[in-house]
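One structure is given here, and the rest of the page talks about it.
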Amino acid sequence: MTTMAAILKRKPTALISVPPEARIREVVVVLAEKRIGAVVVQSPNSDLLGILSERDVVRSLAANGTATLEMEASQLMTRAPTTATPSTTVFEAENLMTDGRFRHLPIVDGGKLVGVVSIGDVVKSLIETQTHEVRSLREYVNGSA
């Protein structure tokens with residue numbers, strides 16, 4: 001069974017984060033430059049404070065207009081987001097993300113943030129697993145196994 005640890009091994013090691021006082025205009029630049037949908041908000045001690053997604057920004061723009069751009073990340077972030085561990089399976093992660101209606105899952109090991117997995121990462125892993133299983137079953141049925 002594929003775990004979050006296996007997914008994180010395939011991803012770039014750099015964790016993209018912003019401080020809680022970062023202005024939303026700065027966060028938007030990070031999201032665009034890195035081509036990502038969310039950033040983690042971390043304290044100076046690297047503690048996970050929250051997560052801030054494109055959706056959070058868009059919802060605030062709809063409610064507050066351009067004043068959103070001068071807000072701080074701490075004002076829009078989801079505080080105490082749902083997290084998983086490196087041993088969390090892709091099926092467990094999929095359920096957490098589907099039930100919670102979010103697309104980015106911080107991975108925490110021993111209280112330390114070690115990465116973020118997106119729904120795209122989870123879906124890709126599930127498809128790879130299913131493709132392998134189908135191929136194995138076909139080989140078995142055809143007698144090539």
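Letters for chains follow the order of the structure tokens (A, B, ...), residue numbers begin at 1 for each chain, and ligand numbers begin at 1 in the order shown.
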Could you pull out the helix (DSSP H, G or I) residues of segment 23-141 of chain A, going by DSSP on the backbone, and write them as a ChimeraX atom specification? /A:24-34,54-70,73-76,90-100,119-141
Write out as a tab-separated table the residues of segment 13-46 of chain A that have any atom within 9 Å of an atom of segment 51-70 of chain A, one row each with the nearest atom pair and its distance in Å to one decimal, counting only C-alpha atoms, sorted by chain and then rising number.
residue	atom	partner	partner_atom	distance
A:Ser17	CA	A:Ile51	CA	8.8
A:Arg23	CA	A:Glu70	CA	5.6
A:Ile24	CA	A:Leu69	CA	4.8
A:Arg25	CA	A:Leu69	CA	4.7
A:Glu26	CA	A:Leu69	CA	8.2
A:Val27	CA	A:Leu52	CA	8.7
A:Val28	CA	A:Glu54	CA	8.0
A:Leu31	CA	A:Glu54	CA	7.8
A:Ile36	CA	A:Glu54	CA	8.8
A:Gly37	CA	A:Glu54	CA	5.6
A:Ala38	CA	A:Ser53	CA	4.0
A:Val39	CA	A:Leu52	CA	5.5
A:Val40	CA	A:Ile51	CA	4.3
A:Val41	CA	A:Ile51	CA	5.5
A:Gln42	CA	A:Ile51	CA	8.7
Identify, on the basis of only C-alpha atoms, every residue whose closest approach to Ala93 of chain A does not exceed 8 Å; exclude the query and any residue fewer than 6 positions from it along the same chain; express the result as a VMD selection string. chain A and resid 84 105 122
Go ahead and write the selection's residues with N, CA and C atoms as a short mmCIF file (atom, residue, chain, number, x, y, z; two decimals), in the first residue's frame.
data_model
loop_
_atom_site.label_atom_id
_atom_site.label_comp_id
_atom_site.auth_asym_id
_atom_site.auth_seq_id
_atom_site.Cartn_x
_atom_site.Cartn_y
_atom_site.Cartn_z
N ALA A 84 -1.62 14.63 8.11
CA ALA A 84 -1.40 13.18 8.05
C ALA A 84 0.05 12.92 8.42
N LEU A 105 -2.78 18.53 1.82
CA LEU A 105 -2.67 17.85 3.11
C LEU A 105 -1.24 17.95 3.64
N VAL A 122 -2.23 12.38 -4.79
CA VAL A 122 -2.97 11.21 -4.31
C VAL A 122 -3.63 10.49 -5.47
#
Using DSSP on the backbone coordinates, identify all residues within chain A classified as strand (DSSP E); present the result as a PDB file with N, CA, C and O atoms, in the first residue's frame.
ATOM      1  N   SER A  17       6.717  27.767   2.088  1.00  0.00           N
ATOM      2  CA  SER A  17       5.951  28.299   3.207  1.00  0.00           C
ATOM      3  C   SER A  17       6.097  29.813   3.254  1.00  0.00           C
ATOM      4  O   SER A  17       6.975  30.390   2.603  1.00  0.00           O
ATOM      5  N   VAL A  18       5.204  30.443   4.015  1.00  0.00           N
ATOM      6  CA  VAL A  18       5.251  31.883   4.234  1.00  0.00           C
ATOM      7  C   VAL A  18       5.080  32.143   5.721  1.00  0.00           C
ATOM      8  O   VAL A  18       4.489  31.319   6.434  1.00  0.00           O
ATOM      9  N   ALA A  38      -1.418  26.102  -2.902  1.00  0.00           N
ATOM     10  CA  ALA A  38      -1.482  26.437  -1.479  1.00  0.00           C
ATOM     11  C   ALA A  38      -0.072  26.534  -0.912  1.00  0.00           C
ATOM     12  O   ALA A  38       0.866  25.929  -1.445  1.00  0.00           O
ATOM     13  N   VAL A  39       0.041  27.297   0.159  1.00  0.00           N
ATOM     14  CA  VAL A  39       1.299  27.381   0.904  1.00  0.00           C
ATOM     15  C   VAL A  39       0.997  27.128   2.374  1.00  0.00           C
ATOM     16  O   VAL A  39      -0.102  27.421   2.850  1.00  0.00           O
ATOM     17  N   VAL A  40       1.965  26.581   3.072  1.00  0.00           N
ATOM     18  CA  VAL A  40       1.816  26.438   4.511  1.00  0.00           C
ATOM     19  C   VAL A  40       2.292  27.735   5.167  1.00  0.00           C
ATOM     20  O   VAL A  40       3.169  28.419   4.647  1.00  0.00           O
ATOM     21  N   VAL A  41       1.665  28.053   6.269  1.00  0.00           N
ATOM     22  CA  VAL A  41       2.047  29.223   7.051  1.00  0.00           C
ATOM     23  C   VAL A  41       2.767  28.685   8.276  1.00  0.00           C
ATOM     24  O   VAL A  41       2.217  27.870   9.025  1.00  0.00           O
ATOM     25  N   GLN A  42       4.027  29.140   8.438  1.00  0.00           N
ATOM     26  CA  GLN A  42       4.853  28.622   9.523  1.00  0.00           C
ATOM     27  C   GLN A  42       5.378  29.756  10.392  1.00  0.00           C
ATOM     28  O   GLN A  42       5.642  30.859   9.914  1.00  0.00           O
ATOM     29  N   LEU A  48       3.874  24.566  12.238  1.00  0.00           N
ATOM     30  CA  LEU A  48       2.763  24.699  11.305  1.00  0.00           C
ATOM     31  C   LEU A  48       1.656  25.498  11.978  1.00  0.00           C
ATOM     32  O   LEU A  48       1.088  25.067  12.979  1.00  0.00           O
ATOM     33  N   LEU A  49       1.353  26.666  11.425  1.00  0.00           N
ATOM     34  CA  LEU A  49       0.285  27.509  11.962  1.00  0.00           C
ATOM     35  C   LEU A  49      -1.005  27.362  11.166  1.00  0.00           C
ATOM     36  O   LEU A  49      -2.096  27.513  11.708  1.00  0.00           O
ATOM     37  N   GLY A  50      -0.851  27.105   9.858  1.00  0.00           N
ATOM     38  CA  GLY A  50      -2.035  26.993   9.012  1.00  0.00           C
ATOM     39  C   GLY A  50      -1.649  26.730   7.578  1.00  0.00           C
ATOM     40  O   GLY A  50      -0.479  26.528   7.250  1.00  0.00           O
ATOM     41  N   ILE A  51      -2.664  26.763   6.729  1.00  0.00           N
ATOM     42  CA  ILE A  51      -2.456  26.591   5.302  1.00  0.00           C
ATOM     43  C   ILE A  51      -3.327  27.615   4.590  1.00  0.00           C
ATOM     44  O   ILE A  51      -4.440  27.908   5.030  1.00  0.00           O
ATOM     45  N   LEU A  52      -2.793  28.169   3.510  1.00  0.00           N
ATOM     46  CA  LEU A  52      -3.486  29.218   2.765  1.00  0.00           C
ATOM     47  C   LEU A  52      -3.544  28.804   1.302  1.00  0.00           C
ATOM     48  O   LEU A  52      -2.510  28.556   0.678  1.00  0.00           O
ATOM     49  N   SER A  53      -4.752  28.714   0.778  1.00  0.00           N
ATOM     50  CA  SER A  53      -4.932  28.257  -0.598  1.00  0.00           C
ATOM     51  C   SER A  53      -5.435  29.368  -1.502  1.00  0.00           C
ATOM     52  O   SER A  53      -5.896  30.414  -1.040  1.00  0.00           O
ATOM     53  N   THR A  78      -6.283  28.734   6.922  1.00  0.00           N
ATOM     54  CA  THR A  78      -7.029  27.760   7.708  1.00  0.00           C
ATOM     55  C   THR A  78      -6.124  27.382   8.867  1.00  0.00           C
ATOM     56  O   THR A  78      -5.021  26.865   8.664  1.00  0.00           O
ATOM     57  N   ARG A  79      -6.572  27.683  10.063  1.00  0.00           N
ATOM     58  CA  ARG A  79      -5.782  27.385  11.265  1.00  0.00           C
ATOM     59  C   ARG A  79      -5.927  25.906  11.637  1.00  0.00           C
ATOM     60  O   ARG A  79      -6.972  25.312  11.417  1.00  0.00           O
ATOM     61  N   HIS A 104      -5.123  20.071  -0.222  1.00  0.00           N
ATOM     62  CA  HIS A 104      -3.718  20.027   0.189  1.00  0.00           C
ATOM     63  C   HIS A 104      -3.639  19.523   1.620  1.00  0.00           C
ATOM     64  O   HIS A 104      -4.333  20.033   2.502  1.00  0.00           O
ATOM     65  N   LEU A 105      -2.780  18.530   1.824  1.00  0.00           N
ATOM     66  CA  LEU A 105      -2.672  17.853   3.105  1.00  0.00           C
ATOM     67  C   LEU A 105      -1.240  17.951   3.640  1.00  0.00           C
ATOM     68  O   LEU A 105      -0.327  17.331   3.081  1.00  0.00           O
ATOM     69  N   PRO A 106      -1.040  18.728   4.707  1.00  0.00           N
ATOM     70  CA  PRO A 106       0.301  18.776   5.313  1.00  0.00           C
ATOM     71  C   PRO A 106       0.651  17.425   5.943  1.00  0.00           C
ATOM     72  O   PRO A 106      -0.198  16.773   6.558  1.00  0.00           O
ATOM     73  N   ILE A 107       1.898  17.025   5.781  1.00  0.00           N
ATOM     74  CA  ILE A 107       2.392  15.770   6.346  1.00  0.00           C
ATOM     75  C   ILE A 107       3.339  16.117   7.493  1.00  0.00           C
ATOM     76  O   ILE A 107       4.320  16.852   7.301  1.00  0.00           O
ATOM     77  N   VAL A 108       3.035  15.585   8.674  1.00  0.00           N
ATOM     78  CA  VAL A 108       3.771  15.901   9.894  1.00  0.00           C
ATOM     79  C   VAL A 108       4.360  14.613  10.454  1.00  0.00           C
ATOM     80  O   VAL A 108       3.671  13.598  10.546  1.00  0.00           O
ATOM     81  N   ASP A 109       5.630  14.684  10.821  1.00  0.00           N
ATOM     82  CA  ASP A 109       6.316  13.531  11.403  1.00  0.00           C
ATOM     83  C   ASP A 109       6.959  13.960  12.711  1.00  0.00           C
ATOM     84  O   ASP A 109       7.831  14.837  12.714  1.00  0.00           O
ATOM     85  N   LYS A 112       6.899  17.636  13.368  1.00  0.00           N
ATOM     86  CA  LYS A 112       7.597  18.496  12.406  1.00  0.00           C
ATOM     87  C   LYS A 112       6.971  18.343  11.023  1.00  0.00           C
ATOM     88  O   LYS A 112       6.753  17.230  10.549  1.00  0.00           O
ATOM     89  N   LEU A 113       6.704  19.476  10.367  1.00  0.00           N
ATOM     90  CA  LEU A 113       6.166  19.461   9.016  1.00  0.00           C
ATOM     91  C   LEU A 113       7.237  18.961   8.059  1.00  0.00           C
ATOM     92  O   LEU A 113       8.346  19.494   8.014  1.00  0.00           O
ATOM     93  N   VAL A 114       6.905  17.908   7.289  1.00  0.00           N
ATOM     94  CA  VAL A 114       7.894  17.329   6.371  1.00  0.00           C
ATOM     95  C   VAL A 114       7.501  17.474   4.905  1.00  0.00           C
ATOM     96  O   VAL A 114       8.293  17.184   4.022  1.00  0.00           O
ATOM     97  N   GLY A 115       6.271  17.930   4.640  1.00  0.00           N
ATOM     98  CA  GLY A 115       5.857  18.114   3.254  1.00  0.00           C
ATOM     99  C   GLY A 115       4.371  18.364   3.152  1.00  0.00           C
ATOM    100  O   GLY A 115       3.652  18.362   4.147  1.00  0.00           O
ATOM    101  N   VAL A 116       3.939  18.580   1.921  1.00  0.00           N
ATOM    102  CA  VAL A 116       2.526  18.768   1.617  1.00  0.00           C
ATOM    103  C   VAL A 116       2.203  17.902   0.408  1.00  0.00           C
ATOM    104  O   VAL A 116       2.945  17.894  -0.577  1.00  0.00           O
ATOM    105  N   VAL A 117       1.089  17.178   0.490  1.00  0.00           N
ATOM    106  CA  VAL A 117       0.639  16.334  -0.605  1.00  0.00           C
ATOM    107  C   VAL A 117      -0.659  16.926  -1.137  1.00  0.00           C
ATOM    108  O   VAL A 117      -1.538  17.300  -0.366  1.00  0.00           O
ATOM    109  N   SER A 118      -0.757  17.009  -2.450  1.00  0.00           N
ATOM    110  CA  SER A 118      -1.969  17.547  -3.073  1.00  0.00           C
ATOM    111  C   SER A 118      -2.892  16.404  -3.491  1.00  0.00           C
ATOM    112  O   SER A 118      -2.463  15.254  -3.592  1.00  0.00           O
TER     113      SER A 118
END
Please provide the set of residues having any atom within 10 Å of Thr89 of chain A, restricted to only C-alpha atoms, with same-chain residues fewer than 3 positions apart removed, written as a list in words.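 In the requested form, the answer reads Met1, Thr2, Thr3, Met4, Ala5, Ala6, Ile7, Ala84, Thr85, Pro86, Glu92, Ala93, Glu94, Asn95 and Val122 of chain A.
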One decimal, in Å: what's the spacing between atom CA of Gln75 of chain A and atom CA of Glu21 of chain A?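 Going from atom CA of Gln75 of chain A over to atom CA of Glu21 of chain A covers 8.9 Å.
One distance worth recording is that between atom CA of Val141 of chain A and atom CA of Thr129 of chain A, which is 18.4 Å.
For the pair atom CA of Arg138 of chain A and atom CA of Val90 of chain A, the interatomic distance is 23.8 Å.
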